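What follows is one structure encoded as structure tokens, with my remarks underneath.
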Amino acid sequence: MRTATSTRDEGFRVRDEVPLPTSDAPIIAHAVRKDEYPIYVTRTLSRAVEHLVAIVEGAQLAIITDTRVDELYGDALREALDDAGLRHQTYRLSPGEPSKSRTCHDELIDWLAASEISRRDFIVTFGGGVINDTGGYAASAYMRGLRYINLPTTVLAQVDGAMGGKVAVNHSTAKNLIGAFYQPAAVISNVAFLETLDRRNLAAGLAESIKKAIIASPEYWEFINTNAERMMDGDLDALEHLVRSAAEIKTLLVERDPYEEDLRRPLNFGHTVGHPLETLCGYGTLLHGEAVAFGMVVETQIAANRGLLQEPLTDMLGELLRRVHLPDRGGCLPDEVHLGALRHAMLPVARIRDGSFLYVLPERCGSTIIASGVTWEELDTAATQIGVRPCGTH
Ligand SMILES: NC(=O)c1ccc[n+]([C@@H]2O[C@H](COP(=O)([O-])OP(=O)(O)OC[C@H]3O[C@@H](n4cnc5c(N)ncnc54)[C@H](O)[C@@H]3O)[C@@H](O)[C@H]2O)c1
């Protein structure tokens with residue numbers, strides 16, 4: 001039994017009287033790991049900053065961003081924080097996937113160590129998924145964990161990357177190889193940031209939403225299928241609905257499996273093939289969302305070949321991806337992608353994972369099978385059917 005009382009001048013008194021174990025049972029206690037955090041979706045920077053100010057309660061902020069986001073919104077954010085009386089410092093990484101690296105992580109740690117940021121302060125990751133992941137990983141490591149808030153600025157980060165507490169940097173062997181499960185103190189998505197996003201990044205973000213629709217929500221599929229062009233034109237009403245719905249879906253899936261032991265796994269749909277594709281192309285050549293889109297096509301084709309599909313998902317998915325200019329055929333991929341190269345990129349991942357892969361195979365929107373026994377031959381057949389070249393031939 002523990003009580004804590006506040007004594008005005010001396011600080012906090014904490015009293016404990018912990019009973020010792022009364023039996024020699026092998027399990028002493030069940031340690032609980034529980035994290036809860038709010039996800040806000042707003043339409044203005046000022047509202048986003050209001051939420052942030054309420055959470056940090058006067059603490060100092062270490063803002064981690066990239067130069068592109070900083071150019072667009074950095075001054076406005078800092079002005080709003082000044083108005084709220086918050087002290088802050090900013091570190092800027094280069095835009096894009098190559099910044100999700102051990103080198104940049106080390107740079108961040110060095111910068112934090114030289115700064116006035118202390119234990120009670122907050123990191124604010126202000127940018128796309130790369131910044132949320134790299135900044136979140138630095139937050140997980142610095143002082144054994146500093147509180148952090150995600151302020152995602154891309155569709156991809158608002159519908160997926162900023163939520164769920166997976167933080168990581170890449171390694172030449174495999175994507176996200178070095179990281180942690182470390183939940184943010186809050187996620188604050190200001191949809192108005194999406195106004196300046198280019199069409200390629202809008203589409204890449206839609207890929208992660210399409211994934212959620214296929215694994216978990218026919219209604220979300222319907223919405224995306226009906227509004228894809230509006231969202232590609234930057235319609236903020238449609239994008240806001242996209243982001244809000246994604247938060248609902250992801251929260252539910254993560255809540256039932258926060259450390260990805262089982263039921264969260266459908267969220268990896270498209271990633272078994274997508275991640276190695278990113279590694280083999282060199283991080284940043286193919287955007288994450290583009291790699292996931294193509295991964296979903298391959299994995300859906302495997303499901304079709306196994307006779308699992310209960311609706312014409314290969315056609316539905318291909319048609320939607322083509323409408324938003326996401327890769328749906330081998331011919332859309334960089335030249336270095338062929339079957340041999342894909343296997344070569346997947347092999348180290350298989351080794352790391354105890355020799356096998358888990359594939360997420362869809363049956364219909366809202367129903368997937370997590371399959372461990374997919375063979376290399378099934379992968380080759382499916383990839384060939386959708387136009388991936390055999391080893392190194394043009
Ligand atoms: N942690 C997770 O659970 C999770 C989930 C999905 C994806 N991810 C990761 O997210 C990363 C991809 O994220 P991303 O696609 O956001 O990439 P990103 O962070 O590189 O952003 C894409 C580009 O958009 C620019 N940008 C950002 N906000 C902008 C804005 N408002 N206006 C104009 N330009 C803007 C950036 O400068 C960058 O050039 C990948 O590394 C992926 O692995 C993580």
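Here's how to read the names in the structure tokens: chain A, B, ... by the order shown, residue numbers from 1 in each chain, ligand numbers from 1 in the order shown.
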Select from chain A every residue with an atom at most 7 Å from any atom of ligand 1, then for each give the shortest pair of atoms and their distance in Å to one decimal, using only C-alpha atoms and all ligand atoms, rows by chain and rising number, as CSV.
```
residue,atom,partner,partner_atom_place_in_ligand_line,distance
A:Asp66,CA,ligand 1,37 (O),5.8
A:Thr67,CA,ligand 1,37 (O),6.7
A:Arg68,CA,ligand 1,37 (O),4.5
A:Val69,CA,ligand 1,28 (N),5.4
A:Pro95,CA,ligand 1,37 (O),4.3
A:Gly96,CA,ligand 1,20 (O),3.6
A:Glu97,CA,ligand 1,20 (O),5.1
A:Lys100,CA,ligand 1,41 (O),6.6
A:Gly127,CA,ligand 1,27 (C),5.2
A:Gly128,CA,ligand 1,19 (O),3.1
A:Gly129,CA,ligand 1,13 (O),3.2
A:Val130,CA,ligand 1,19 (O),3.8
A:Ile131,CA,ligand 1,19 (O),5.5
A:Asp133,CA,ligand 1,1 (N),5.5
A:Thr153,CA,ligand 1,28 (N),4.3
A:Thr154,CA,ligand 1,28 (N),4.6
A:Val155,CA,ligand 1,16 (O),6.7
A:Leu156,CA,ligand 1,16 (O),4.9
A:Ala157,CA,ligand 1,16 (O),4.9
A:Asp160,CA,ligand 1,5 (C),5.1
A:Gly161,CA,ligand 1,5 (C),3.4
A:Ala162,CA,ligand 1,1 (N),6.2
A:Met163,CA,ligand 1,3 (O),6.3
A:Gly164,CA,ligand 1,3 (O),5.8
A:Gly165,CA,ligand 1,1 (N),6.5
A:Lys166,CA,ligand 1,1 (N),4.4
A:Val167,CA,ligand 1,1 (N),5.1
A:Asn176,CA,ligand 1,43 (O),6.8
A:Phe193,CA,ligand 1,31 (N),4.3
A:Leu194,CA,ligand 1,31 (N),4.8
A:Glu195,CA,ligand 1,32 (N),6.7
A:Thr196,CA,ligand 1,32 (N),4.1
A:Leu197,CA,ligand 1,33 (C),3.8
A:Asp198,CA,ligand 1,33 (C),6.4
A:Asn201,CA,ligand 1,22 (C),6.1
A:Ala204,CA,ligand 1,15 (O),6.4
A:Gly205,CA,ligand 1,15 (O),6.3
A:Leu287,CA,ligand 1,15 (O),6.5
A:His288,CA,ligand 1,40 (C),5.2
A:Gly289,CA,ligand 1,15 (O),6.4
```
> Got a sec: who's within 9 Å of Ile249 (chain A), counting only C-alpha atoms, leaving out chain neighbours fewer than 4 positions off, as a count of residues only?
Replying inline: 8
> Can you tell me, as a PyMOL selection string, what residues are no more than 12 Å from Pro258 (chain A) when counting only C-alpha atoms, ignoring any on the same chain fewer than 3 positions away?
Replying inline: chain A and resi 33-36+163-166+180-183+250-255+261-265+267
How would the residues just chosen look if you wrote them out with C-alpha atoms as an mmCIF file, in the first residue's frame?
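Writing the result to selection-v2.cif gives the following:
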```
data_model
loop_
_atom_site.group_PDB
_atom_site.id
_atom_site.type_symbol
_atom_site.label_atom_id
_atom_site.label_comp_id
_atom_site.auth_asym_id
_atom_site.auth_seq_id
_atom_site.Cartn_x
_atom_site.Cartn_y
_atom_site.Cartn_z
ATOM 1 C CA ARG A 33 2.769 -1.833 -18.795
ATOM 2 C CA LYS A 34 0.020 0.632 -19.608
ATOM 3 C CA ASP A 35 0.129 3.765 -21.698
ATOM 4 C CA GLU A 36 -2.680 6.087 -22.590
ATOM 5 C CA MET A 163 0.219 6.795 -33.602
ATOM 6 C CA GLY A 164 1.010 3.469 -32.008
ATOM 7 C CA GLY A 165 4.343 4.109 -30.306
ATOM 8 C CA LYS A 166 6.634 2.256 -32.700
ATOM 9 C CA ALA A 180 11.570 0.665 -29.539
ATOM 10 C CA PHE A 181 7.958 0.635 -28.468
ATOM 11 C CA TYR A 182 7.654 3.999 -26.782
ATOM 12 C CA GLN A 183 4.300 5.747 -26.624
ATOM 13 C CA LYS A 250 -5.410 2.323 -35.485
ATOM 14 C CA THR A 251 -6.231 2.952 -31.834
ATOM 15 C CA LEU A 252 -8.499 -0.042 -31.768
ATOM 16 C CA LEU A 253 -6.001 -2.359 -33.433
ATOM 17 C CA VAL A 254 -3.076 -1.179 -31.302
ATOM 18 C CA GLU A 255 -5.077 -1.291 -28.081
ATOM 19 C CA GLU A 261 2.455 -9.967 -30.390
ATOM 20 C CA ASP A 262 -0.575 -10.993 -32.349
ATOM 21 C CA LEU A 263 -3.712 -9.072 -33.221
ATOM 22 C CA ARG A 264 -2.019 -5.851 -34.327
ATOM 23 C CA ARG A 265 -0.260 -7.738 -37.065
ATOM 24 C CA LEU A 267 -1.318 -3.446 -39.726
#
```
> Residues at most 8 Å from Gln301 (chain A), counting only C-alpha atoms, excluding those fewer than 2 positions away in the same chain, as a PyMOL selection string?
Replying inline: chain A and resi 297-299+303-305+314+382-383
> CA of Leu177 (chain A) and CA of Ala138 (chain A), how far apart in Å?
Replying inline: 14.6 Å
> Which of these, A:Lys211, A:Arg389, A:Arg343, A:His241, has the shortest distance to Leu313 (chain A) once you count only C-alpha atoms?
Replying inline: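 Of all the options, A:Lys211 lies closest to Leu313 (chain A).
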> Hey, what does DSSP flag as strand (DSSP E or B) within region 101-277 of chain A? Can you give it to me as a list of chain:residue names?
Replying inline: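 Written out, the strand (DSSP E or B) residues of region 101-277 of chain A are A:Phe122, A:Ile123, A:Val124, A:Thr125, A:Phe126, A:Gly127, A:Arg147, A:Tyr148, A:Ile149, A:Asn150, A:Leu151, A:Pro152, A:Lys166, A:Val167, A:Ala168, A:Val169, A:Ile178, A:Gly179, A:Ala180, A:Phe181, A:Ala186, A:Val187, A:Ile188, A:Ser189, A:Asn190.
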Go ahead and save the residues from that selection, with C-alpha atoms, as a PDB file, in the first residue's frame.
```pdb
ATOM      1  CA  PHE A 122       9.297  17.403 -23.778  1.00  0.00           C
ATOM      2  CA  ILE A 123      10.479  16.532 -27.241  1.00  0.00           C
ATOM      3  CA  VAL A 124       8.091  17.688 -29.966  1.00  0.00           C
ATOM      4  CA  THR A 125       8.494  15.808 -33.241  1.00  0.00           C
ATOM      5  CA  PHE A 126       7.247  18.205 -35.877  1.00  0.00           C
ATOM      6  CA  GLY A 127       7.149  16.654 -39.346  1.00  0.00           C
ATOM      7  CA  ARG A 147       8.237  12.531 -22.826  1.00  0.00           C
ATOM      8  CA  TYR A 148       7.409  13.405 -26.420  1.00  0.00           C
ATOM      9  CA  ILE A 149       4.527  14.766 -28.444  1.00  0.00           C
ATOM     10  CA  ASN A 150       3.984  14.018 -32.118  1.00  0.00           C
ATOM     11  CA  LEU A 151       2.877  16.896 -34.320  1.00  0.00           C
ATOM     12  CA  PRO A 152       2.577  15.031 -37.633  1.00  0.00           C
ATOM     13  CA  LYS A 166       6.634   2.256 -32.700  1.00  0.00           C
ATOM     14  CA  VAL A 167       9.772   4.361 -33.081  1.00  0.00           C
ATOM     15  CA  ALA A 168      12.858   3.410 -35.081  1.00  0.00           C
ATOM     16  CA  VAL A 169      15.647   4.206 -37.476  1.00  0.00           C
ATOM     17  CA  ILE A 178      16.806  -0.334 -34.525  1.00  0.00           C
ATOM     18  CA  GLY A 179      13.970   1.002 -32.406  1.00  0.00           C
ATOM     19  CA  ALA A 180      11.570   0.665 -29.539  1.00  0.00           C
ATOM     20  CA  PHE A 181       7.958   0.635 -28.468  1.00  0.00           C
ATOM     21  CA  ALA A 186      -0.010  12.977 -27.172  1.00  0.00           C
ATOM     22  CA  VAL A 187      -0.534  13.127 -30.912  1.00  0.00           C
ATOM     23  CA  ILE A 188      -1.823  16.402 -32.321  1.00  0.00           C
ATOM     24  CA  SER A 189      -2.697  16.322 -36.015  1.00  0.00           C
ATOM     25  CA  ASN A 190      -3.404  19.679 -37.603  1.00  0.00           C
TER      26      ASN A 190
END
```
>> When you look at Val337 (chain A) with a cut-off of 9 Å (counting only C-alpha atoms), what residues show up, excluding the ones that are within fewer than 4 positions of it in the same chain? I need them as a ChimeraX atom specification.
In response: /A:277,280-281,330,333,341-342,388-389,391-392
> Nearest to Thr226 (chain A) among A:Ala62, A:Leu86, A:Leu320, A:Ala203, with distances taken over only C-alpha atoms: which residue is it?
Replying inline: A:Leu320
> Which residues come within 12 Å of Pro348 (chain A), counting only C-alpha atoms, excluding same-chain residues fewer than 2 positions away, as a VMD selection string?
Replying inline: chain A and resid 171 to 175 177 275 to 276 279 to 280 342 to 346 350 to 357
>> So the first atom is CA of Leu347 (chain A) and the second is CA of Ala291 (chain A); what is the distance between them in Å, to one decimal place?
In response: 17.5 Å
